[in-house]
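S.K.: Structure below; questions to follow.
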Amino acid sequence: MHPFKFVVLAALWTVAIWRLPSAVRVVKHRPVWIAFTSVAAAMTLGHPAVEGLLNGATGINNLATLGKNLLGILGCSAILQFVISMARPQATRTSLRVLTAFGLIGASALTFLFALTPRPYNADNFFAAHTGSPLGTAYCSVFLGYLGVSMTIATRLFMGYSRHAGAAWLRLGLRLLGIGTAAGALYTAFRMAHMLTRLAGHRFLTDDRTTQTVADIIEYTAIAFIIIGNSIPACGVLWRSFSDWHTLRRLRPLWSSLTGAVPDIVLDTPHHRGPRIRLHRQVIEIRDATLILASYAPPHLREQADRRAAQAVPDGEHRTTLAEALWLRAACEAKHAGARPLIDSADERPVSPEHPHSDSDSHPESHPDADSHPESHSNSDFNFDFDIEVARLRQLCEAYHSPTAEAFATEHRLEHI
């Protein structure tokens, strides 16, 4: 096997194995796993050693070719089902029935024509060996036609859906998938044109050897784009998970200080969710703690914080963040010292109009779809841009632990001694 083909085959099996756990857990992830597994198995059957073993064991010439093409039909159907479930989710059930029916028809036609096509010997290249043969051309045309139609439809859906995808990495991945399926459609058109031209007894644009080389280049280019396009969104998710984990650690000192002053707002449940959900939960608890501690920051304390921040930072945005950090840290000190809140009620709690506090609303873990749709909390549980809020809290955390905030808190700690 050519080294490049071996690399592509190894990449296909790597993706198939990588996606297996997800396919077992989530039904909607199975089509893409089936697609990659089918293509990887088809390429494995194309290996001379595997092909020779299968044909020798059964005594049926080019049986591996039939197996490769049947797996190709399965892979095409799976790719179409995958993109339809993304781009046209309302048509998922209908498309599954239609694709199953057409897949069975295509597989039956291939098997029937394979049985009729004379195969006196085991050809290393079934397409080349049956160029100019009516039955061989009919067999190849069924497979190429199914592949070409599938890739054309998939290209249109991938490219169309990429325009509506929110994340940049998802848009890029979908476009590369679309380029890959477009190359697949080009491969089928090139192969079909060659076979039909030779069947008609005319010369093709290139000789048979060059045609095979060009076809291989197009085929493996298509597979490479599909592998890369499929991997980029997954890499984007991994990168976002790493970024969320890093942000969790950056915000941990602020969260620890605030929840140490008001520990009752922390939801006492295990942290078994992903970093995105845990970050949502941490941000909510920081906001809830801030709302409660606001009752320990009287107007004169906030005015002093504003004046001290104005002396330390000339910039407006950073000055506002520093001022909040100053009075918030002083409020923590007051709470620890036993000061009474401005709202003197055991049951009354200051809340933000856009984010009322409750266990069901404050914690993403209470939502059944928290794992599958973490972004939904930034729209339903928060009435602000989540990423902007996280960036603001990172600045607040830095200001909260600055020497200015520490000095301000020390001054006001003396008032409660």
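Each chain in the structure tokens gets a letter, A, B, ..., in the order shown, and its residues are numbered from 1; ligands are numbered from 1 in order too.
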Could you pull the residues within 10 Å of Leu74 in chain A, counting only C-alpha atoms, minus those fewer than 6 positions along the same chain, as a PyMOL selection string?
M.R.: chain A and resi 31+34-35+37-39+68+99-100+103-104+106-107
S.K.: If you take only C-alpha atoms and a cut-off of 12 Å, which residues of range 151-195 of chain A touch range 199-221 of chain A, and what are their nearest atom pairs and distances in Å to one decimal, in chain and number order, as a tab-separated table?
M.R.:
residue	atom	partner	partner_atom	distance
A:Leu176	CA	A:Thr221	CA	11.2
A:Leu177	CA	A:Thr221	CA	11.4
A:Ile179	CA	A:Thr221	CA	9.6
A:Gly180	CA	A:Thr221	CA	7.2
A:Thr181	CA	A:Glu219	CA	10.0
A:Ala182	CA	A:Ile218	CA	10.1
A:Ala183	CA	A:Ile218	CA	6.4
A:Gly184	CA	A:Glu219	CA	6.3
A:Ala185	CA	A:Glu219	CA	9.5
A:Leu186	CA	A:Ile218	CA	7.6
A:Tyr187	CA	A:Ile218	CA	5.8
A:Thr188	CA	A:Ala215	CA	8.8
A:Ala189	CA	A:Ala215	CA	10.0
A:Phe190	CA	A:Ala215	CA	7.2
A:Arg191	CA	A:Ala215	CA	7.0
A:Met192	CA	A:Leu199	CA	10.4
A:Ala193	CA	A:Phe204	CA	8.2
A:His194	CA	A:Phe204	CA	6.1
A:Met195	CA	A:Leu199	CA	6.0
S.K.: Once you have the residues from the selection above, write them out as a compact mmCIF listing (two decimals), in the first residue's frame, restricted to all heavy atoms.
M.R.:
# COMPACT_ATOMS: atom_id res chain seq x y z
N LEU A 176 -15.10 22.92 5.10
CA LEU A 176 -14.14 21.92 4.67
C LEU A 176 -14.83 20.60 4.35
O LEU A 176 -14.45 19.90 3.40
CB LEU A 176 -13.08 21.71 5.75
CG LEU A 176 -12.11 22.89 5.95
CD1 LEU A 176 -11.14 22.58 7.08
CD2 LEU A 176 -11.35 23.19 4.67
N LEU A 177 -15.85 20.26 5.14
CA LEU A 177 -16.64 19.07 4.81
C LEU A 177 -17.32 19.24 3.46
O LEU A 177 -17.38 18.30 2.66
CB LEU A 177 -17.69 18.82 5.90
CG LEU A 177 -17.19 18.19 7.20
CD1 LEU A 177 -18.26 18.27 8.28
CD2 LEU A 177 -16.80 16.73 6.97
N ILE A 179 -16.24 21.10 0.99
CA ILE A 179 -15.21 20.97 -0.05
C ILE A 179 -14.88 19.50 -0.28
O ILE A 179 -14.69 19.06 -1.42
CB ILE A 179 -13.94 21.76 0.37
CG1 ILE A 179 -14.24 23.26 0.38
CG2 ILE A 179 -12.78 21.46 -0.56
CD1 ILE A 179 -13.11 24.10 0.94
N GLY A 180 -14.82 18.73 0.80
CA GLY A 180 -14.54 17.31 0.67
C GLY A 180 -15.61 16.57 -0.11
O GLY A 180 -15.30 15.75 -1.00
N THR A 181 -16.87 16.83 0.20
CA THR A 181 -17.95 16.16 -0.54
C THR A 181 -18.02 16.67 -1.98
O THR A 181 -18.38 15.92 -2.89
CB THR A 181 -19.29 16.37 0.17
OG1 THR A 181 -19.51 17.77 0.41
CG2 THR A 181 -19.33 15.62 1.50
N ALA A 182 -17.68 17.94 -2.20
CA ALA A 182 -17.63 18.46 -3.58
C ALA A 182 -16.54 17.75 -4.38
O ALA A 182 -16.73 17.40 -5.56
CB ALA A 182 -17.37 19.97 -3.57
N ALA A 183 -15.39 17.50 -3.73
CA ALA A 183 -14.34 16.73 -4.39
C ALA A 183 -14.80 15.31 -4.67
O ALA A 183 -14.45 14.71 -5.70
CB ALA A 183 -13.08 16.72 -3.53
N GLY A 184 -15.61 14.76 -3.76
CA GLY A 184 -16.17 13.43 -3.99
C GLY A 184 -17.10 13.41 -5.20
O GLY A 184 -17.09 12.47 -6.01
N ALA A 185 -17.91 14.46 -5.35
CA ALA A 185 -18.78 14.57 -6.53
C ALA A 185 -17.96 14.71 -7.80
O ALA A 185 -18.29 14.14 -8.84
CB ALA A 185 -19.74 15.75 -6.36
N LEU A 186 -16.86 15.48 -7.72
CA LEU A 186 -15.97 15.63 -8.87
C LEU A 186 -15.34 14.30 -9.24
O LEU A 186 -15.20 13.97 -10.43
CB LEU A 186 -14.89 16.67 -8.54
CG LEU A 186 -13.80 16.88 -9.61
CD1 LEU A 186 -14.41 17.40 -10.91
CD2 LEU A 186 -12.73 17.83 -9.08
N TYR A 187 -14.97 13.51 -8.24
CA TYR A 187 -14.39 12.18 -8.49
C TYR A 187 -15.36 11.31 -9.28
O TYR A 187 -14.97 10.65 -10.25
CB TYR A 187 -14.03 11.53 -7.16
CG TYR A 187 -13.73 10.06 -7.25
CD1 TYR A 187 -12.48 9.61 -7.65
CD2 TYR A 187 -14.71 9.10 -6.93
CE1 TYR A 187 -12.20 8.25 -7.74
CE2 TYR A 187 -14.45 7.75 -7.02
CZ TYR A 187 -13.19 7.33 -7.42
OH TYR A 187 -12.93 5.97 -7.52
N THR A 188 -16.61 11.29 -8.86
CA THR A 188 -17.60 10.45 -9.55
C THR A 188 -17.82 10.93 -10.98
O THR A 188 -17.95 10.11 -11.90
CB THR A 188 -18.93 10.44 -8.79
OG1 THR A 188 -19.45 11.77 -8.73
CG2 THR A 188 -18.75 9.92 -7.38
N ALA A 189 -17.87 12.26 -11.18
CA ALA A 189 -18.08 12.80 -12.53
C ALA A 189 -16.90 12.43 -13.43
O ALA A 189 -17.08 12.06 -14.60
CB ALA A 189 -18.26 14.30 -12.46
N PHE A 190 -15.70 12.53 -12.87
CA PHE A 190 -14.50 12.20 -13.65
C PHE A 190 -14.48 10.73 -14.02
O PHE A 190 -14.22 10.35 -15.18
CB PHE A 190 -13.25 12.57 -12.83
CG PHE A 190 -11.96 12.37 -13.55
CD1 PHE A 190 -11.53 13.27 -14.52
CD2 PHE A 190 -11.15 11.27 -13.27
CE1 PHE A 190 -10.32 13.09 -15.18
CE2 PHE A 190 -9.95 11.07 -13.92
CZ PHE A 190 -9.53 11.98 -14.88
N ARG A 191 -14.77 9.87 -13.06
CA ARG A 191 -14.80 8.42 -13.31
C ARG A 191 -15.88 8.06 -14.32
O ARG A 191 -15.66 7.25 -15.24
CB ARG A 191 -15.05 7.69 -12.00
CG ARG A 191 -13.83 7.46 -11.14
CD ARG A 191 -12.95 6.40 -11.73
NE ARG A 191 -12.00 5.86 -10.78
CZ ARG A 191 -11.04 5.03 -11.09
NH1 ARG A 191 -10.86 4.68 -12.36
NH2 ARG A 191 -10.21 4.57 -10.19
N MET A 192 -17.05 8.64 -14.13
CA MET A 192 -18.18 8.32 -15.01
C MET A 192 -17.89 8.77 -16.43
O MET A 192 -18.17 8.02 -17.40
CB MET A 192 -19.45 9.00 -14.49
CG MET A 192 -20.71 8.60 -15.24
SD MET A 192 -21.36 7.00 -14.73
CE MET A 192 -22.11 7.42 -13.18
N ALA A 193 -17.34 9.95 -16.59
CA ALA A 193 -17.01 10.45 -17.93
C ALA A 193 -16.01 9.53 -18.62
O ALA A 193 -16.13 9.22 -19.81
CB ALA A 193 -16.46 11.87 -17.84
N HIS A 194 -15.02 9.05 -17.89
CA HIS A 194 -14.02 8.15 -18.47
C HIS A 194 -14.65 6.84 -18.92
O HIS A 194 -14.41 6.36 -20.04
CB HIS A 194 -12.92 7.88 -17.44
CG HIS A 194 -11.92 6.86 -17.88
ND1 HIS A 194 -11.88 5.58 -17.34
CD2 HIS A 194 -10.94 6.90 -18.83
CE1 HIS A 194 -10.92 4.89 -17.92
NE2 HIS A 194 -10.33 5.66 -18.83
N MET A 195 -15.48 6.25 -18.06
CA MET A 195 -16.05 4.94 -18.39
C MET A 195 -17.04 5.04 -19.55
O MET A 195 -17.07 4.19 -20.45
CB MET A 195 -16.73 4.34 -17.16
CG MET A 195 -15.78 4.04 -16.03
SD MET A 195 -16.40 2.81 -14.89
CE MET A 195 -16.27 1.32 -15.87
S.K.: Could you pull the residues within 10 Å of Leu116 in chain A, counting only C-alpha atoms, minus those fewer than 3 positions along the same chain, as a list in words?
M.R.: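 Everything that qualifies: Leu110, Thr111, Phe112, Leu113, Arg119, Leu135, Gly136 and Tyr139 of chain A.
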S.K.: Skip Cys76 in chain A itself and residues of its chain fewer than 4 positions away, then list as a list of chain:residue names all residues within 7 Å of it, counting only C-alpha atoms.
M.R.: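 In the requested format, the answer is A:Ala35, A:Gly72, A:Leu80, A:Leu147, A:Ser150.
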S.K.: Please list as a list in words every residue within 9 Å of range 260-265 of chain A, counting only C-alpha atoms and excluding residues in the same chain fewer than 4 positions away.
M.R.: Trp255, Ser256, Glu285, Asp288, Ala289, Ile292, Leu293, Cys332, Glu333, Lys335 and His336 of chain A
